[in-house]
Amino acid sequence: MDVDVAVIGAGQAGLSGAYFLRRAGMRPDEDFVVLDHSPGPGGAWQFRWPTLTYGRAHGVHSLPGMELEGADPGRPSAEVVAEYFGRYERTFDLRVHRPVGVSTVREGPGGRLLVESDAGTWAARALLNATGTWDRPFVPRYPGQETFRGRQLHTAGYRGREEFAGKHVIVVGGGTSAVQLLLELHEPGGAAATTWVTRRPPVYRTGPFGEEQGRAAVALVEERVKQGLPPQSVVSVTGLPMTEAMERAHERGILERLPMFDRITPDGVTWADGRHVTAEVILWATGFRAALDHLAPLHLRGSGGGIRLEGLTRVAADPRVHLIGYGPSASTIGANRAGRSAVREIRAYLRDRDRALDDPRAPEPVTAAG
């Protein structure tokens, strides 16, 4: 199955890329294909906990070409976004193939990339990878972790405050999800108590956060991936937005933070100074890592541990491969911009490649295979 472009992932970034391919005149299932491993539309949003309503959700942004309007703020964000993404796919006839699990992308004949999956193999001239992070929740290792008799879970497995009713929950992590969960756990029917621990003191952001501030934050993340370092989240450089709900939580003492503990014990956690907190649950709100294992055969990672990008999305080691929703384009707004940029560069690459094939004297675009 030969295509010009394979798109892996149909979340915000993948649908953005597919939209711009379609707008460029490319035909789904002929010129490009979209593969998604999820059971239905919605990207990672479809797996969010049911109590995360649309009105509480952070970072939902419209896809290019169709606004997300009129959604009920009281509905679960998973339902709202899944319906919107599904409507988007139908409106623009993107023909997403799912559930399709891509196992490997490797070098193929004729300068193509072989995208191998449980639904077959596609031979693509270029790749838009938009696999996000949801499949790789990150839980750090701490001494004594295996001895804890209570429950440990990552935010990816959180389904609502009711299952923690009457329990003491230790929430680990300094990001937006950690704060959202701390606030929710203190609602009626939730935890009896919480303890919040982070590696670094949280930094709060007050005042307006417009396009200029957003561009500055993205530029900091972009600089890391240009150096071939693993990307940081955009939130890590923007700080936590100080909302009215967070101000009230501060007043109630909910957001009083402790430094990271040194050891996990069978009944809680301890610090080197002798302090001990007893708890029944440790909730790891420690983020995710980029889901890129299927690209390993292409040897894209550099000595810095990350994949170095040129421009917004193009992999420096292989111009056929673009990462959208990675590094500076990991935000929902950034994913839209990245989709447009990646498609523009891919079309230019394909034109140059075709020109080189038509004229043997013209230099061919350089790939990882030479």
# chains A, B, ... in the order shown; residues from 1 in each chain; ligands from 1
>>> select_by_dssp(residues="range 122-187 of chain A", states="strand (DSSP E)", output="JSON, numbers by chain")
{"A": [122, 123, 124, 125, 126, 127, 128, 129, 151, 152, 153, 154, 168, 169, 170, 171, 172]}
>>> write_last_selection(atoms="N, CA and C atoms", output="JSON list (two decimals), in the first residue's frame")
[["chain", "number", "residue", "atom", "x", "y", "z"],
["A", 122, "TRP", "N", 2.20, 0.08, 5.20],
["A", 122, "TRP", "CA", 2.14, 1.16, 4.22],
["A", 122, "TRP", "C", 3.56, 1.60, 3.90],
["A", 123, "ALA", "N", 3.83, 1.85, 2.63],
["A", 123, "ALA", "CA", 5.12, 2.37, 2.19],
["A", 123, "ALA", "C", 4.93, 3.85, 1.87],
["A", 124, "ALA", "N", 5.51, 4.71, 2.70],
["A", 124, "ALA", "CA", 5.27, 6.15, 2.60],
["A", 124, "ALA", "C", 6.55, 6.88, 2.21],
["A", 125, "ARG", "N", 6.37, 7.93, 1.44],
["A", 125, "ARG", "CA", 7.51, 8.77, 1.08],
["A", 125, "ARG", "C", 7.85, 9.76, 2.19],
["A", 126, "ALA", "N", 6.89, 10.05, 3.05],
["A", 126, "ALA", "CA", 7.11, 10.96, 4.17],
["A", 126, "ALA", "C", 6.19, 10.56, 5.30],
["A", 127, "LEU", "N", 6.54, 11.00, 6.50],
["A", 127, "LEU", "CA", 5.80, 10.59, 7.70],
["A", 127, "LEU", "C", 5.48, 11.80, 8.57],
["A", 128, "LEU", "N", 4.21, 11.90, 8.95],
["A", 128, "LEU", "CA", 3.78, 12.85, 9.98],
["A", 128, "LEU", "C", 3.50, 12.03, 11.24],
["A", 129, "ASN", "N", 4.38, 12.10, 12.21],
["A", 129, "ASN", "CA", 4.18, 11.34, 13.44],
["A", 129, "ASN", "C", 3.52, 12.21, 14.49],
["A", 151, "ARG", "N", -2.36, 1.81, 47.54],
["A", 151, "ARG", "CA", -2.53, 1.84, 46.09],
["A", 151, "ARG", "C", -1.66, 2.93, 45.47],
["A", 152, "GLN", "N", -0.98, 2.60, 44.38],
["A", 152, "GLN", "CA", -0.26, 3.58, 43.59],
["A", 152, "GLN", "C", -0.87, 3.62, 42.19],
["A", 153, "LEU", "N", -1.08, 4.82, 41.67],
["A", 153, "LEU", "CA", -1.58, 4.95, 40.31],
["A", 153, "LEU", "C", -1.10, 6.25, 39.71],
["A", 154, "HIS", "N", -1.05, 6.25, 38.39],
["A", 154, "HIS", "CA", -0.71, 7.46, 37.63],
["A", 154, "HIS", "C", -2.01, 8.17, 37.28],
["A", 168, "HIS", "N", -6.37, 9.09, 52.78],
["A", 168, "HIS", "CA", -5.32, 10.11, 52.67],
["A", 168, "HIS", "C", -4.55, 9.83, 51.38],
["A", 169, "VAL", "N", -4.50, 10.82, 50.50],
["A", 169, "VAL", "CA", -3.88, 10.67, 49.19],
["A", 169, "VAL", "C", -2.67, 11.59, 49.09],
["A", 170, "ILE", "N", -1.53, 11.02, 48.75],
["A", 170, "ILE", "CA", -0.33, 11.81, 48.45],
["A", 170, "ILE", "C", -0.30, 12.06, 46.95],
["A", 171, "VAL", "N", -0.33, 13.33, 46.55],
["A", 171, "VAL", "CA", -0.29, 13.70, 45.13],
["A", 171, "VAL", "C", 1.12, 14.18, 44.82],
["A", 172, "VAL", "N", 1.76, 13.52, 43.85],
["A", 172, "VAL", "CA", 3.14, 13.83, 43.49],
["A", 172, "VAL", "C", 3.16, 14.51, 42.12]]
>>> select_by_dssp(residues="range 13-229 of chain A", states="helix (DSSP H, G or I)", output="ChimeraX atom specification")
/A:13-23,43-47,77-91,109-111,145-147,155-157,161-164,176-185,211-226
>>> write_last_selection(atoms="C-alpha atoms", output="PDB file, in the first residue's frame")
ATOM      1  CA  ALA A  13      -1.804  17.158  15.997  1.00  0.00           C
ATOM      2  CA  GLY A  14      -2.645  14.295  13.632  1.00  0.00           C
ATOM      3  CA  LEU A  15      -5.996  15.739  12.582  1.00  0.00           C
ATOM      4  CA  SER A  16      -4.374  19.129  12.028  1.00  0.00           C
ATOM      5  CA  GLY A  17      -1.794  17.539   9.732  1.00  0.00           C
ATOM      6  CA  ALA A  18      -4.455  15.543   7.887  1.00  0.00           C
ATOM      7  CA  TYR A  19      -6.572  18.673   7.405  1.00  0.00           C
ATOM      8  CA  PHE A  20      -3.713  20.568   5.782  1.00  0.00           C
ATOM      9  CA  LEU A  21      -2.875  17.586   3.569  1.00  0.00           C
ATOM     10  CA  ARG A  22      -6.509  17.529   2.443  1.00  0.00           C
ATOM     11  CA  ARG A  23      -6.511  21.274   1.868  1.00  0.00           C
ATOM     12  CA  GLY A  43      -7.208  11.415  20.835  1.00  0.00           C
ATOM     13  CA  ALA A  44      -6.004  11.281  24.446  1.00  0.00           C
ATOM     14  CA  TRP A  45      -9.039  13.319  25.531  1.00  0.00           C
ATOM     15  CA  GLN A  46     -11.312  10.274  25.230  1.00  0.00           C
ATOM     16  CA  PHE A  47      -9.404   8.646  28.109  1.00  0.00           C
ATOM     17  CA  SER A  77     -14.502  16.774  28.374  1.00  0.00           C
ATOM     18  CA  ALA A  78     -13.922  13.249  27.039  1.00  0.00           C
ATOM     19  CA  GLU A  79     -17.413  13.244  25.516  1.00  0.00           C
ATOM     20  CA  VAL A  80     -17.254  16.804  24.180  1.00  0.00           C
ATOM     21  CA  VAL A  81     -13.882  16.403  22.481  1.00  0.00           C
ATOM     22  CA  ALA A  82     -14.614  12.910  21.132  1.00  0.00           C
ATOM     23  CA  GLU A  83     -17.819  14.123  19.486  1.00  0.00           C
ATOM     24  CA  TYR A  84     -16.071  17.193  18.089  1.00  0.00           C
ATOM     25  CA  PHE A  85     -13.149  15.200  16.688  1.00  0.00           C
ATOM     26  CA  GLY A  86     -15.540  12.662  15.167  1.00  0.00           C
ATOM     27  CA  ARG A  87     -17.545  15.425  13.505  1.00  0.00           C
ATOM     28  CA  TYR A  88     -14.315  16.973  12.252  1.00  0.00           C
ATOM     29  CA  GLU A  89     -13.139  13.711  10.688  1.00  0.00           C
ATOM     30  CA  ARG A  90     -16.455  13.301   8.862  1.00  0.00           C
ATOM     31  CA  THR A  91     -16.691  16.932   7.747  1.00  0.00           C
ATOM     32  CA  PRO A 109      13.048   0.178  -0.716  1.00  0.00           C
ATOM     33  CA  GLY A 110      13.207   3.181  -3.001  1.00  0.00           C
ATOM     34  CA  GLY A 111      13.692   5.676  -0.203  1.00  0.00           C
ATOM     35  CA  GLN A 145       8.363   1.875  46.325  1.00  0.00           C
ATOM     36  CA  GLU A 146       7.691  -1.855  46.063  1.00  0.00           C
ATOM     37  CA  THR A 147       6.946  -2.123  49.806  1.00  0.00           C
ATOM     38  CA  THR A 155      -3.122  10.200  36.593  1.00  0.00           C
ATOM     39  CA  ALA A 156      -3.725   8.174  33.414  1.00  0.00           C
ATOM     40  CA  GLY A 157      -5.607   5.683  35.601  1.00  0.00           C
ATOM     41  CA  ARG A 161     -12.616  11.235  43.496  1.00  0.00           C
ATOM     42  CA  GLU A 162     -15.228   8.771  44.789  1.00  0.00           C
ATOM     43  CA  GLU A 163     -12.822   5.821  44.796  1.00  0.00           C
ATOM     44  CA  PHE A 164     -10.631   7.697  47.299  1.00  0.00           C
ATOM     45  CA  THR A 176      -1.630  21.480  36.049  1.00  0.00           C
ATOM     46  CA  SER A 177      -3.008  17.937  36.425  1.00  0.00           C
ATOM     47  CA  ALA A 178      -1.701  17.691  39.986  1.00  0.00           C
ATOM     48  CA  VAL A 179      -3.463  20.913  40.956  1.00  0.00           C
ATOM     49  CA  GLN A 180      -6.698  19.901  39.228  1.00  0.00           C
ATOM     50  CA  LEU A 181      -6.730  16.595  41.090  1.00  0.00           C
ATOM     51  CA  LEU A 182      -5.928  18.172  44.446  1.00  0.00           C
ATOM     52  CA  LEU A 183      -8.886  20.494  44.054  1.00  0.00           C
ATOM     53  CA  GLU A 184     -11.197  17.680  42.963  1.00  0.00           C
ATOM     54  CA  LEU A 185     -10.134  15.318  45.749  1.00  0.00           C
ATOM     55  CA  GLU A 211       0.308  35.577  22.252  1.00  0.00           C
ATOM     56  CA  GLU A 212       3.600  37.271  23.098  1.00  0.00           C
ATOM     57  CA  GLN A 213       4.020  35.312  26.337  1.00  0.00           C
ATOM     58  CA  GLY A 214       2.955  32.122  24.585  1.00  0.00           C
ATOM     59  CA  ARG A 215       5.515  32.563  21.822  1.00  0.00           C
ATOM     60  CA  ALA A 216       8.256  33.202  24.374  1.00  0.00           C
ATOM     61  CA  ALA A 217       7.380  30.012  26.258  1.00  0.00           C
ATOM     62  CA  VAL A 218       7.287  27.910  23.090  1.00  0.00           C
ATOM     63  CA  ALA A 219      10.650  29.378  22.033  1.00  0.00           C
ATOM     64  CA  LEU A 220      12.250  28.049  25.221  1.00  0.00           C
ATOM     65  CA  VAL A 221      10.968  24.533  24.529  1.00  0.00           C
ATOM     66  CA  GLU A 222      11.951  24.828  20.863  1.00  0.00           C
ATOM     67  CA  GLU A 223      15.526  25.696  21.790  1.00  0.00           C
ATOM     68  CA  ARG A 224      15.891  22.409  23.683  1.00  0.00           C
ATOM     69  CA  VAL A 225      14.764  20.226  20.795  1.00  0.00           C
ATOM     70  CA  LYS A 226      16.996  22.144  18.387  1.00  0.00           C
TER      71      LYS A 226
END
>>> closest_residue(among="A:Arg98, A:Arg56, A:Arg106, A:Arg275", to="His294 in chain A", atoms="only C-alpha atoms")
A:Arg106
>>> closest_residue(among="A:Asp318, A:Glu107, A:Asp31, A:Glu187", to="Val7 in chain A", atoms="only C-alpha atoms")
A:Asp31
>>> residues_around(residues="Thr265 in chain A", least_positions_apart="5", cutoff="12 Å", atoms="only C-alpha atoms", output="PyMOL selection string")
chain A and resi 142-150+270-271+276-282
>>> closest_residue(among="A:Arg340, A:Arg75, A:His61, A:Arg27", to="Val5 in chain A", atoms="only C-alpha atoms")
A:Arg27
>>> residues_around(residues="Gly175 in chain A", least_positions_apart="3", cutoff="10 Å", atoms="only C-alpha atoms", output="PyMOL selection string")
chain A and resi 172+178-180+198+202-203+233+235-236+239-240+285-287
>>> closest_residue(among="A:Val269, A:Val197, A:Leu350, A:Leu298", to="Glu256 in chain A", atoms="only C-alpha atoms")
A:Val197
>>> decode(residues="range 14-47 of chain A", atoms="N, CA, C and O atoms", output="PDB file, in the first residue's frame")
ATOM      1  N   GLY A  14      -2.436  15.113  14.825  1.00  0.00           N
ATOM      2  CA  GLY A  14      -2.645  14.295  13.632  1.00  0.00           C
ATOM      3  C   GLY A  14      -3.770  14.807  12.758  1.00  0.00           C
ATOM      4  O   GLY A  14      -3.657  14.840  11.525  1.00  0.00           O
ATOM      5  N   LEU A  15      -4.873  15.215  13.369  1.00  0.00           N
ATOM      6  CA  LEU A  15      -5.996  15.739  12.582  1.00  0.00           C
ATOM      7  C   LEU A  15      -5.629  17.070  11.933  1.00  0.00           C
ATOM      8  O   LEU A  15      -6.058  17.362  10.811  1.00  0.00           O
ATOM      9  N   SER A  16      -4.841  17.878  12.624  1.00  0.00           N
ATOM     10  CA  SER A  16      -4.374  19.129  12.028  1.00  0.00           C
ATOM     11  C   SER A  16      -3.542  18.833  10.780  1.00  0.00           C
ATOM     12  O   SER A  16      -3.746  19.443   9.724  1.00  0.00           O
ATOM     13  N   GLY A  17      -2.599  17.895  10.890  1.00  0.00           N
ATOM     14  CA  GLY A  17      -1.794  17.539   9.732  1.00  0.00           C
ATOM     15  C   GLY A  17      -2.634  17.001   8.594  1.00  0.00           C
ATOM     16  O   GLY A  17      -2.447  17.367   7.422  1.00  0.00           O
ATOM     17  N   ALA A  18      -3.591  16.117   8.916  1.00  0.00           N
ATOM     18  CA  ALA A  18      -4.455  15.543   7.887  1.00  0.00           C
ATOM     19  C   ALA A  18      -5.295  16.620   7.200  1.00  0.00           C
ATOM     20  O   ALA A  18      -5.520  16.580   5.983  1.00  0.00           O
ATOM     21  N   TYR A  19      -5.771  17.577   7.974  1.00  0.00           N
ATOM     22  CA  TYR A  19      -6.572  18.673   7.405  1.00  0.00           C
ATOM     23  C   TYR A  19      -5.761  19.456   6.372  1.00  0.00           C
ATOM     24  O   TYR A  19      -6.258  19.752   5.272  1.00  0.00           O
ATOM     25  N   PHE A  20      -4.520  19.778   6.712  1.00  0.00           N
ATOM     26  CA  PHE A  20      -3.713  20.568   5.782  1.00  0.00           C
ATOM     27  C   PHE A  20      -3.276  19.739   4.572  1.00  0.00           C
ATOM     28  O   PHE A  20      -3.101  20.292   3.477  1.00  0.00           O
ATOM     29  N   LEU A  21      -3.110  18.442   4.733  1.00  0.00           N
ATOM     30  CA  LEU A  21      -2.875  17.586   3.569  1.00  0.00           C
ATOM     31  C   LEU A  21      -4.080  17.616   2.634  1.00  0.00           C
ATOM     32  O   LEU A  21      -3.947  17.723   1.406  1.00  0.00           O
ATOM     33  N   ARG A  22      -5.267  17.500   3.231  1.00  0.00           N
ATOM     34  CA  ARG A  22      -6.509  17.529   2.443  1.00  0.00           C
ATOM     35  C   ARG A  22      -6.658  18.876   1.739  1.00  0.00           C
ATOM     36  O   ARG A  22      -7.030  18.936   0.562  1.00  0.00           O
ATOM     37  N   ARG A  23      -6.360  19.949   2.449  1.00  0.00           N
ATOM     38  CA  ARG A  23      -6.511  21.274   1.868  1.00  0.00           C
ATOM     39  C   ARG A  23      -5.503  21.506   0.745  1.00  0.00           C
ATOM     40  O   ARG A  23      -5.749  22.312  -0.164  1.00  0.00           O
ATOM     41  N   ALA A  24      -4.390  20.798   0.783  1.00  0.00           N
ATOM     42  CA  ALA A  24      -3.378  20.908  -0.270  1.00  0.00           C
ATOM     43  C   ALA A  24      -3.747  20.095  -1.504  1.00  0.00           C
ATOM     44  O   ALA A  24      -2.982  20.062  -2.478  1.00  0.00           O
ATOM     45  N   GLY A  25      -4.905  19.429  -1.466  1.00  0.00           N
ATOM     46  CA  GLY A  25      -5.363  18.666  -2.621  1.00  0.00           C
ATOM     47  C   GLY A  25      -5.007  17.197  -2.591  1.00  0.00           C
ATOM     48  O   GLY A  25      -5.277  16.472  -3.563  1.00  0.00           O
ATOM     49  N   MET A  26      -4.439  16.734  -1.492  1.00  0.00           N
ATOM     50  CA  MET A  26      -4.083  15.321  -1.397  1.00  0.00           C
ATOM     51  C   MET A  26      -5.306  14.509  -0.969  1.00  0.00           C
ATOM     52  O   MET A  26      -6.137  14.983  -0.202  1.00  0.00           O
ATOM     53  N   ARG A  27      -5.408  13.288  -1.493  1.00  0.00           N
ATOM     54  CA  ARG A  27      -6.608  12.469  -1.311  1.00  0.00           C
ATOM     55  C   ARG A  27      -6.375  11.408  -0.233  1.00  0.00           C
ATOM     56  O   ARG A  27      -5.372  10.693  -0.280  1.00  0.00           O
ATOM     57  N   PRO A  28      -7.313  11.298   0.720  1.00  0.00           N
ATOM     58  CA  PRO A  28      -7.178  10.270   1.759  1.00  0.00           C
ATOM     59  C   PRO A  28      -7.258   8.881   1.164  1.00  0.00           C
ATOM     60  O   PRO A  28      -8.023   8.624   0.225  1.00  0.00           O
ATOM     61  N   ASP A  29      -6.445   7.978   1.675  1.00  0.00           N
ATOM     62  CA  ASP A  29      -6.352   6.585   1.248  1.00  0.00           C
ATOM     63  C   ASP A  29      -5.750   6.414  -0.136  1.00  0.00           C
ATOM     64  O   ASP A  29      -5.621   5.278  -0.620  1.00  0.00           O
ATOM     65  N   GLU A  30      -5.391   7.506  -0.781  1.00  0.00           N
ATOM     66  CA  GLU A  30      -4.672   7.430  -2.053  1.00  0.00           C
ATOM     67  C   GLU A  30      -3.320   8.124  -1.943  1.00  0.00           C
ATOM     68  O   GLU A  30      -2.284   7.514  -2.162  1.00  0.00           O
ATOM     69  N   ASP A  31      -3.358   9.397  -1.595  1.00  0.00           N
ATOM     70  CA  ASP A  31      -2.110  10.146  -1.417  1.00  0.00           C
ATOM     71  C   ASP A  31      -1.617  10.101   0.025  1.00  0.00           C
ATOM     72  O   ASP A  31      -0.416  10.189   0.265  1.00  0.00           O
ATOM     73  N   PHE A  32      -2.531  10.012   0.972  1.00  0.00           N
ATOM     74  CA  PHE A  32      -2.122   9.921   2.372  1.00  0.00           C
ATOM     75  C   PHE A  32      -3.073   9.007   3.127  1.00  0.00           C
ATOM     76  O   PHE A  32      -4.199   8.744   2.693  1.00  0.00           O
ATOM     77  N   VAL A  33      -2.592   8.517   4.276  1.00  0.00           N
ATOM     78  CA  VAL A  33      -3.394   7.652   5.133  1.00  0.00           C
ATOM     79  C   VAL A  33      -3.225   8.106   6.574  1.00  0.00           C
ATOM     80  O   VAL A  33      -2.151   8.567   6.962  1.00  0.00           O
ATOM     81  N   VAL A  34      -4.303   8.018   7.356  1.00  0.00           N
ATOM     82  CA  VAL A  34      -4.259   8.376   8.776  1.00  0.00           C
ATOM     83  C   VAL A  34      -4.521   7.111   9.585  1.00  0.00           C
ATOM     84  O   VAL A  34      -5.572   6.464   9.422  1.00  0.00           O
ATOM     85  N   LEU A  35      -3.589   6.769  10.465  1.00  0.00           N
ATOM     86  CA  LEU A  35      -3.678   5.564  11.283  1.00  0.00           C
ATOM     87  C   LEU A  35      -3.751   5.960  12.748  1.00  0.00           C
ATOM     88  O   LEU A  35      -2.951   6.776  13.223  1.00  0.00           O
ATOM     89  N   ASP A  36      -4.697   5.377  13.462  1.00  0.00           N
ATOM     90  CA  ASP A  36      -4.886   5.732  14.872  1.00  0.00           C
ATOM     91  C   ASP A  36      -5.152   4.470  15.674  1.00  0.00           C
ATOM     92  O   ASP A  36      -5.985   3.641  15.289  1.00  0.00           O
ATOM     93  N   HIS A  37      -4.472   4.320  16.811  1.00  0.00           N
ATOM     94  CA  HIS A  37      -4.621   3.094  17.589  1.00  0.00           C
ATOM     95  C   HIS A  37      -5.809   3.133  18.549  1.00  0.00           C
ATOM     96  O   HIS A  37      -6.186   2.104  19.110  1.00  0.00           O
ATOM     97  N   SER A  38      -6.406   4.292  18.751  1.00  0.00           N
ATOM     98  CA  SER A  38      -7.504   4.410  19.705  1.00  0.00           C
ATOM     99  C   SER A  38      -8.787   3.778  19.156  1.00  0.00           C
ATOM    100  O   SER A  38      -8.970   3.679  17.943  1.00  0.00           O
ATOM    101  N   PRO A  39      -9.705   3.393  20.045  1.00  0.00           N
ATOM    102  CA  PRO A  39     -10.947   2.770  19.578  1.00  0.00           C
ATOM    103  C   PRO A  39     -11.893   3.725  18.878  1.00  0.00           C
ATOM    104  O   PRO A  39     -12.749   3.298  18.099  1.00  0.00           O
ATOM    105  N   GLY A  40     -11.779   5.034  19.159  1.00  0.00           N
ATOM    106  CA  GLY A  40     -12.675   5.998  18.548  1.00  0.00           C
ATOM    107  C   GLY A  40     -12.027   7.358  18.468  1.00  0.00           C
ATOM    108  O   GLY A  40     -10.883   7.558  18.915  1.00  0.00           O
ATOM    109  N   PRO A  41     -12.720   8.343  17.919  1.00  0.00           N
ATOM    110  CA  PRO A  41     -12.169   9.695  17.829  1.00  0.00           C
ATOM    111  C   PRO A  41     -11.992  10.310  19.217  1.00  0.00           C
ATOM    112  O   PRO A  41     -12.646   9.920  20.173  1.00  0.00           O
ATOM    113  N   GLY A  42     -11.111  11.304  19.287  1.00  0.00           N
ATOM    114  CA  GLY A  42     -10.934  12.029  20.540  1.00  0.00           C
ATOM    115  C   GLY A  42      -9.512  12.110  21.022  1.00  0.00           C
ATOM    116  O   GLY A  42      -9.236  12.809  21.998  1.00  0.00           O
ATOM    117  N   GLY A  43      -8.585  11.392  20.370  1.00  0.00           N
ATOM    118  CA  GLY A  43      -7.208  11.415  20.835  1.00  0.00           C
ATOM    119  C   GLY A  43      -7.126  11.028  22.303  1.00  0.00           C
ATOM    120  O   GLY A  43      -7.930  10.232  22.809  1.00  0.00           O
ATOM    121  N   ALA A  44      -6.167  11.596  23.023  1.00  0.00           N
ATOM    122  CA  ALA A  44      -6.004  11.281  24.446  1.00  0.00           C
ATOM    123  C   ALA A  44      -7.174  11.779  25.277  1.00  0.00           C
ATOM    124  O   ALA A  44      -7.429  11.259  26.376  1.00  0.00           O
ATOM    125  N   TRP A  45      -7.915  12.770  24.766  1.00  0.00           N
ATOM    126  CA  TRP A  45      -9.039  13.319  25.531  1.00  0.00           C
ATOM    127  C   TRP A  45     -10.084  12.256  25.857  1.00  0.00           C
ATOM    128  O   TRP A  45     -10.735  12.320  26.906  1.00  0.00           O
ATOM    129  N   GLN A  46     -10.271  11.272  24.992  1.00  0.00           N
ATOM    130  CA  GLN A  46     -11.312  10.274  25.230  1.00  0.00           C
ATOM    131  C   GLN A  46     -11.028   9.416  26.459  1.00  0.00           C
ATOM    132  O   GLN A  46     -11.917   8.738  26.968  1.00  0.00           O
ATOM    133  N   PHE A  47      -9.781   9.454  26.957  1.00  0.00           N
ATOM    134  CA  PHE A  47      -9.404   8.646  28.109  1.00  0.00           C
ATOM    135  C   PHE A  47      -9.355   9.456  29.408  1.00  0.00           C
ATOM    136  O   PHE A  47      -9.004   8.919  30.455  1.00  0.00           O
TER     137      PHE A  47
END
